[in-house]
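Q: Contents of protein28.cif (mmCIF, C-alpha atoms) are given next:
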```
data_protein
loop_
_atom_site.group_PDB
_atom_site.id
_atom_site.type_symbol
_atom_site.label_atom_id
_atom_site.label_comp_id
_atom_site.auth_asym_id
_atom_site.auth_seq_id
_atom_site.Cartn_x
_atom_site.Cartn_y
_atom_site.Cartn_z
ATOM 1 C CA MET M 46 99.779 -26.787 -48.169
ATOM 2 C CA LYS M 47 96.291 -27.293 -49.570
ATOM 3 C CA LEU M 48 95.038 -29.264 -46.564
ATOM 4 C CA PRO M 49 95.913 -26.618 -43.904
ATOM 5 C CA LEU M 50 94.391 -23.918 -46.126
ATOM 6 C CA LEU M 51 91.230 -25.935 -46.575
ATOM 7 C CA LEU M 52 90.941 -26.498 -42.827
ATOM 8 C CA ALA M 53 91.437 -22.779 -42.166
ATOM 9 C CA LEU M 54 88.702 -21.844 -44.633
ATOM 10 C CA LEU M 55 86.335 -24.427 -43.140
ATOM 11 C CA PHE M 56 86.988 -23.137 -39.566
ATOM 12 C CA GLY M 57 86.380 -19.568 -40.723
ATOM 13 C CA ALA M 58 83.052 -20.476 -42.300
ATOM 14 C CA VAL M 59 81.864 -22.295 -39.166
ATOM 15 C CA SER M 60 82.879 -19.322 -36.980
ATOM 16 C CA ALA M 61 81.017 -16.899 -39.248
ATOM 17 C CA LEU M 62 77.864 -19.008 -39.088
ATOM 18 C CA HIS M 63 78.095 -19.246 -35.297
ATOM 19 C CA LEU M 64 78.605 -15.470 -34.969
ATOM 20 C CA ARG M 65 75.642 -14.730 -37.241
ATOM 21 C CA ALA M 66 73.375 -17.032 -35.243
ATOM 22 C CA LYS M 67 74.508 -15.451 -31.952
ATOM 23 C CA THR M 68 73.909 -11.961 -33.330
ATOM 24 C CA SER M 69 70.432 -12.934 -34.528
ATOM 25 C CA ASN M 70 69.520 -14.263 -31.086
ATOM 26 C CA LEU M 71 70.811 -11.082 -29.434
ATOM 27 C CA GLU M 72 68.770 -8.852 -31.778
ATOM 28 C CA SER M 73 65.712 -10.946 -31.132
ATOM 29 C CA THR M 74 66.163 -10.617 -27.372
ATOM 30 C CA LEU M 75 66.775 -6.873 -27.498
ATOM 31 C CA GLY M 76 63.818 -6.379 -29.799
ATOM 32 C CA ALA M 77 61.495 -8.135 -27.367
ATOM 33 C CA GLU M 78 62.767 -6.095 -24.437
ATOM 34 C CA THR M 79 62.437 -2.771 -26.200
ATOM 35 C CA LEU M 80 58.886 -3.228 -27.472
ATOM 36 C CA PRO M 81 56.657 -0.293 -26.483
ATOM 37 C CA GLN M 82 54.776 -0.875 -23.227
ATOM 38 C CA HIS M 83 51.422 -0.256 -24.841
ATOM 39 C CA ARG M 84 51.941 -3.306 -27.048
ATOM 40 C CA GLU M 85 52.675 -5.587 -24.116
ATOM 41 C CA MET M 86 49.832 -4.219 -21.946
ATOM 42 C CA PRO M 87 47.304 -2.322 -24.074
ATOM 43 C CA GLU M 88 45.983 0.745 -22.329
ATOM 44 C CA GLN M 89 42.344 0.193 -21.358
ATOM 45 C CA GLU M 90 39.962 2.829 -22.532
ATOM 46 C CA ALA M 91 37.441 4.152 -19.995
ATOM 47 C CA GLU M 92 34.174 2.294 -20.326
ATOM 48 C CA GLU M 93 31.219 4.563 -20.917
ATOM 49 C CA ALA M 94 27.807 3.602 -19.610
ATOM 50 C CA PRO M 95 25.131 3.172 -22.266
ATOM 51 C CA PRO M 96 23.129 6.347 -22.886
ATOM 52 C CA GLU M 97 20.035 4.878 -21.236
ATOM 53 C CA GLU M 98 21.949 4.097 -18.021
ATOM 54 C CA MET M 99 23.462 7.578 -17.933
ATOM 55 C CA ALA M 100 20.008 9.088 -18.308
ATOM 56 C CA SER M 101 18.761 6.953 -15.423
ATOM 57 C CA LEU M 102 21.610 8.044 -13.183
ATOM 58 C CA GLU M 103 21.014 11.683 -14.043
ATOM 59 C CA GLU M 104 17.362 11.328 -13.103
ATOM 60 C CA GLU M 105 18.303 9.787 -9.748
ATOM 61 C CA GLU M 106 20.726 12.625 -9.025
ATOM 62 C CA LYS M 107 17.985 15.150 -9.719
ATOM 63 C CA GLY M 108 15.839 13.605 -6.980
ATOM 64 C CA GLY M 109 12.240 12.483 -7.052
ATOM 65 C CA CYS M 110 10.550 15.841 -6.514
ATOM 66 C CA GLY M 111 10.319 16.949 -10.114
ATOM 67 C CA SER M 112 11.220 20.367 -11.535
ATOM 68 C CA GLU M 113 9.411 23.277 -13.034
ATOM 69 C CA ASP M 114 10.755 22.329 -16.469
ATOM 70 C CA ALA M 115 9.409 18.759 -16.311
ATOM 71 C CA PRO M 116 7.056 17.786 -19.159
ATOM 72 C CA GLU M 117 3.359 18.089 -18.424
ATOM 73 C CA GLU M 118 2.943 14.300 -18.747
ATOM 74 C CA GLU M 119 5.459 13.740 -15.934
ATOM 75 C CA LYS M 120 3.752 16.326 -13.736
ATOM 76 C CA ALA M 121 0.432 14.620 -14.327
ATOM 77 C CA ALA M 122 1.921 11.285 -13.288
ATOM 78 C CA GLU M 123 3.286 12.848 -10.093
ATOM 79 C CA SER M 124 -0.161 14.217 -9.322
ATOM 80 C CA ILE M 125 -1.698 10.764 -8.841
ATOM 81 C CA SER M 126 -3.109 10.555 -5.334
ATOM 82 C CA ALA M 127 -1.785 8.001 -2.883
ATOM 83 C CA LEU M 128 -5.441 7.072 -2.410
ATOM 84 C CA ASP M 129 -5.280 5.328 -5.795
ATOM 85 C CA VAL M 130 -2.645 3.013 -4.349
ATOM 86 C CA VAL M 131 -4.367 2.506 -0.995
ATOM 87 C CA ASP M 132 -7.515 1.136 -2.645
ATOM 88 C CA LYS M 133 -5.652 -1.956 -3.848
ATOM 89 C CA ASP M 134 -6.650 -5.208 -2.110
ATOM 90 C CA ILE M 135 -3.652 -5.963 0.085
ATOM 91 C CA GLN M 136 -3.727 -8.933 2.452
ATOM 92 C CA CYS M 137 -1.856 -8.296 5.720
ATOM 93 C CA GLN M 138 -1.959 -10.384 8.881
ATOM 94 C CA CYS M 139 -3.787 -8.982 11.876
ATOM 95 C CA PRO M 140 -1.451 -7.845 14.663
ATOM 96 C CA LYS M 141 -1.056 -9.819 17.861
ATOM 97 C CA GLU M 142 -2.871 -8.432 20.872
ATOM 98 C CA GLU M 143 0.432 -7.698 22.640
ATOM 99 C CA ASP M 144 1.378 -5.439 19.714
ATOM 100 C CA THR M 145 -1.664 -3.199 20.149
ATOM 101 C CA VAL M 146 -2.642 -0.444 22.582
ATOM 102 C CA LYS M 147 -6.219 0.811 22.880
ATOM 103 C CA ILE M 148 -6.535 4.606 22.866
ATOM 104 C CA MET M 149 -9.238 6.427 24.790
ATOM 105 C CA GLY M 150 -12.053 7.602 22.530
ATOM 106 C CA ILE M 151 -13.120 11.183 21.902
ATOM 107 C CA PRO M 152 -15.317 12.540 24.737
ATOM 108 C CA GLY M 153 -18.960 12.491 23.753
ATOM 109 C CA CYS M 154 -18.404 9.987 20.904
ATOM 110 C CA LYS M 155 -19.431 6.489 21.967
ATOM 111 C CA THR M 156 -18.575 4.933 18.623
ATOM 112 C CA CYS M 157 -15.105 6.482 18.302
ATOM 113 C CA ARG M 158 -12.489 3.801 19.040
ATOM 114 C CA PHE M 159 -8.785 3.900 18.300
ATOM 115 C CA VAL M 160 -5.897 1.472 18.519
ATOM 116 C CA LEU M 161 -2.130 1.930 18.226
ATOM 117 C CA VAL M 162 -0.501 -0.955 16.358
ATOM 118 C CA ASN M 163 3.187 -1.330 17.197
ATOM 119 C CA ALA M 164 3.808 -3.867 14.420
ATOM 120 C CA ALA M 165 5.595 -1.726 11.814
ATOM 121 C CA ARG M 166 4.107 -1.844 8.315
ATOM 122 C CA ASN M 167 4.135 0.275 5.192
ATOM 123 C CA PHE M 168 1.272 2.679 4.604
ATOM 124 C CA ASN M 169 -0.752 0.439 2.284
ATOM 125 C CA CYS M 170 -0.470 -2.579 4.581
ATOM 126 C CA ALA M 171 -1.308 -0.425 7.608
ATOM 127 C CA GLN M 172 -4.503 0.828 5.952
ATOM 128 C CA SER M 173 -5.411 -2.707 4.865
ATOM 129 C CA THR M 174 -4.896 -3.906 8.452
ATOM 130 C CA CYS M 175 -7.188 -1.187 9.796
ATOM 131 C CA ARG M 176 -9.882 -2.228 7.325
ATOM 132 C CA SER M 177 -9.663 -6.016 7.524
ATOM 133 C CA CYS M 178 -8.833 -6.411 11.221
ATOM 134 C CA TYR M 179 -10.818 -3.549 12.786
ATOM 135 C CA GLY M 180 -13.334 -2.538 10.137
ATOM 136 C CA GLY M 181 -11.950 1.008 10.067
ATOM 137 C CA ASN M 182 -9.224 3.162 8.546
ATOM 138 C CA LEU M 183 -5.987 4.828 9.469
ATOM 139 C CA VAL M 184 -6.876 7.616 11.857
ATOM 140 C CA SER M 185 -7.882 11.096 10.733
ATOM 141 C CA ILE M 186 -7.369 14.044 13.098
ATOM 142 C CA HIS M 187 -9.639 17.072 13.227
ATOM 143 C CA SER M 188 -8.625 19.026 16.314
ATOM 144 C CA TYR M 189 -5.582 20.035 18.322
ATOM 145 C CA SER M 190 -6.891 18.336 21.460
ATOM 146 C CA PHE M 191 -7.261 14.990 19.703
ATOM 147 C CA ASN M 192 -3.858 15.418 18.077
ATOM 148 C CA SER M 193 -2.362 15.895 21.568
ATOM 149 C CA GLN M 194 -4.246 12.858 22.853
ATOM 150 C CA ILE M 195 -2.834 10.644 20.092
ATOM 151 C CA GLN M 196 0.650 12.100 20.543
ATOM 152 C CA CYS M 197 0.661 11.489 24.315
ATOM 153 C CA THR M 198 -0.325 7.863 23.762
ATOM 154 C CA ILE M 199 2.228 7.057 21.093
ATOM 155 C CA ARG M 200 4.984 8.847 23.002
ATOM 156 C CA SER M 201 4.683 6.200 25.721
ATOM 157 C CA TYR M 202 5.046 3.302 23.292
ATOM 158 C CA CYS M 203 6.826 4.564 20.156
ATOM 159 C CA GLN M 204 10.176 6.294 19.824
ATOM 160 C CA ASN M 205 9.809 8.032 16.468
ATOM 161 C CA TYR M 206 6.894 8.207 14.019
ATOM 162 C CA VAL M 207 3.526 6.585 13.316
ATOM 163 C CA TRP M 208 1.298 6.569 10.256
ATOM 164 C CA LEU M 209 -1.818 8.715 10.226
ATOM 165 C CA GLY M 210 -4.453 8.386 7.516
ATOM 166 C CA GLY M 211 -3.447 11.403 5.430
ATOM 167 C CA VAL M 212 -2.178 11.318 1.841
ATOM 168 C CA ALA M 213 -0.937 14.016 -0.557
ATOM 169 C CA SER M 214 -1.702 14.528 -4.234
ATOM 170 C CA GLY M 215 -0.465 17.131 -6.700
ATOM 171 C CA MET M 216 2.799 19.067 -6.694
ATOM 172 C CA GLY M 217 4.115 22.309 -5.200
ATOM 173 C CA SER M 218 1.446 24.939 -4.595
ATOM 174 C CA CYS M 219 -1.113 22.537 -6.094
ATOM 175 C CA THR M 220 -0.526 19.899 -3.386
ATOM 176 C CA GLN M 221 -3.819 18.716 -1.870
ATOM 177 C CA MET M 222 -4.306 16.661 1.278
ATOM 178 C CA SER M 223 -6.970 13.995 1.915
ATOM 179 C CA TRP M 224 -7.886 11.488 4.611
ATOM 180 C CA VAL M 225 -8.308 7.858 3.607
ATOM 181 C CA ASP M 226 -11.632 7.723 5.470
ATOM 182 C CA HIS M 227 -12.846 10.563 3.174
ATOM 183 C CA SER M 228 -13.569 12.876 6.107
ATOM 184 C CA CYS M 229 -13.078 16.634 5.766
ATOM 185 C CA TRP M 230 -9.538 17.995 5.909
ATOM 186 C CA ASN M 231 -10.224 20.729 8.470
ATOM 187 C CA PHE M 232 -7.145 20.544 10.711
ATOM 188 C CA GLN M 233 -3.380 20.164 10.220
ATOM 189 C CA TYR M 234 -0.304 20.322 12.419
ATOM 190 C CA TRP M 235 2.722 20.367 10.129
ATOM 191 C CA ALA M 236 6.359 20.466 11.159
ATOM 192 C CA ALA M 237 8.546 23.242 9.724
ATOM 193 C CA GLY M 238 9.039 22.872 5.964
ATOM 194 C CA GLN M 239 6.080 20.504 5.623
ATOM 195 C CA PRO M 240 4.098 19.372 3.751
ATOM 196 C CA SER M 241 6.727 18.596 1.112
ATOM 197 C CA VAL M 242 6.089 15.843 -1.421
ATOM 198 C CA CYS M 243 9.882 15.639 -1.812
ATOM 199 C CA SER M 244 9.735 13.610 1.428
ATOM 200 C CA GLY M 245 6.893 11.374 0.297
ATOM 201 C CA ARG M 246 3.106 11.371 0.067
ATOM 202 C CA CYS M 247 1.904 9.736 3.293
ATOM 203 C CA VAL M 248 1.375 11.548 6.611
ATOM 204 C CA THR M 249 3.281 10.629 9.782
ATOM 205 C CA MET M 250 3.112 12.023 13.313
ATOM 206 C CA ASN M 251 6.214 12.614 15.413
ATOM 207 C CA SER M 252 5.803 11.017 18.830
ATOM 208 C CA GLY M 253 7.936 13.662 20.512
ATOM 209 C CA ALA M 254 6.135 16.851 19.516
ATOM 210 C CA GLY M 255 3.041 15.671 17.658
ATOM 211 C CA TYR M 256 3.978 17.477 14.439
ATOM 212 C CA TRP M 257 3.140 15.952 11.058
ATOM 213 C CA SER M 258 5.451 15.231 8.145
ATOM 214 C CA LEU M 259 5.106 13.580 4.757
ATOM 215 C CA ALA M 260 7.163 10.404 4.336
ATOM 216 C CA ASN M 261 7.794 7.682 1.772
ATOM 217 C CA CYS M 262 4.732 5.416 1.846
ATOM 218 C CA ASN M 263 6.967 2.320 1.615
ATOM 219 C CA LEU M 264 8.521 2.952 5.033
ATOM 220 C CA CYS M 265 7.482 0.505 7.747
ATOM 221 C CA LEU M 266 6.125 2.328 10.804
ATOM 222 C CA PRO M 267 3.660 1.717 13.642
ATOM 223 C CA PHE M 268 0.212 3.162 12.960
ATOM 224 C CA VAL M 269 -3.075 4.249 14.520
ATOM 225 C CA CYS M 270 -6.417 2.850 13.395
ATOM 226 C CA SER M 271 -9.831 4.439 13.890
ATOM 227 C CA TYR M 272 -12.818 2.075 13.980
#
```
What is this file in structure tokens?

A:
Amino acid sequence: MKLPLLLALLFGAVSALHLRAKTSNLESTLGAETLPQHREMPEQEAEEAPPEEMASLEEEEKGGCGSEDAPEEEKAAESISALDVVDKDIQCQCPKEEDTVKIMGIPGCKTCRFVLVNAARNFNCAQSTCRSCYGGNLVSIHSYSFNSQIQCTIRSYCQNYVWLGGVASGMGSCTQMSWVDHSCWNFQYWAAGQPSVCSGRCVTMNSGAGYWSLANCNLCLPFVCSY
């Protein structure tokens, strides 16, 4: 009788151990499956741009025209004339002859010569080209008749705009216009809403109507030289 009893007790102990191990595995599996989702895949917090980057973005959204509340130092910086930039020594290649068109001079002026350069360049490079290649400057315009003469010429060869030799300084009602050849500013032919330094600080002429507009000086456009 002792042997069967001993075997029964031994079988019971083994079964209990097996059941406990099975239960432990089940709890472990259930525990892994019921973990909160945020522990398996932590929720990513929104990344915030550094304060200096946010400030830069805000300035870009405001636009480059300045505001009435801008500090005086900023207004003074905006008032720098484009002439200060033009005077830099910029080396630009002379245009090919096939990229140029001679324009009839002003009646009664034997030394007045003009050339349309169809090789598009930014304002500074255009002015440098006029100086180094022709010994002159970007053209200045002092009468409606000459404005029409230039416009009729460029309309035949250009589709949009050309650089003239005018630059703007100052802001708002204090905006002042100058010619790069330092001649008197005694004529203007602005398009509606111009001159506006919000557009830029260098003068362009529209080939369709002959009206003037300010544009970003870094744009690459054909140009007219006076020499």

Q: So what do you get for atom CA of M:Asn231 versus atom CA of M:Leu264, distance-wise?

A: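 These atoms are spaced 26.1 Å apart.
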
Q: Taking the file as I've supplied it (selection: the PyMOL selection byres ((chain M and resi 245) around 7)), which residues are included? Please answer as a list in words.

A: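 Selected by the PyMOL selection byres ((chain M and resi 245) around 7) in this file: Val242, Cys243, Ser244, Arg246, Cys247, Leu259, Ala260, Asn261 and Cys262 of chain M.
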
Q: Name the residues captured by the PyMOL selection byres ((chain M and resi 226) around 12) when it is applied to the shown file; answer as a list in words.

A: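 Applying the PyMOL selection byres ((chain M and resi 226) around 12) to the structure shown produces Leu128, Val131, Asp132, Gln172, Cys175, Arg176, Gly180, Gly181, Asn182, Leu183, Val184, Ser185, Ile186, Leu209, Gly210, Gly211, Val212, Ser223, Trp224, Val225, His227, Ser228, Cys229, Trp230, Cys270, Ser271 and Tyr272 of chain M.
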
Q: Can you tell me which residues surround M:Ser190 at a distance of at most 12 Å, considering all atoms listed in the file, apart from same-chain residues fewer than 3 positions away, and format the answer as a PyMOL selection string?

A: chain M and resi 150-152+186-187+193-197+232-234+255

Q: One decimal, in Å: what's the spacing between atom CA of M:Trp257 and atom CA of M:Pro140?

A: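 We find that atom CA of M:Trp257 and atom CA of M:Pro140 lie 24.5 Å from each other.
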
Q: Atom CA of M:Glu143 and atom CA of M:Ser258 are how many Å apart?

A: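 About the pair atom CA of M:Glu143 and atom CA of M:Ser258: they are 27.6 Å apart.
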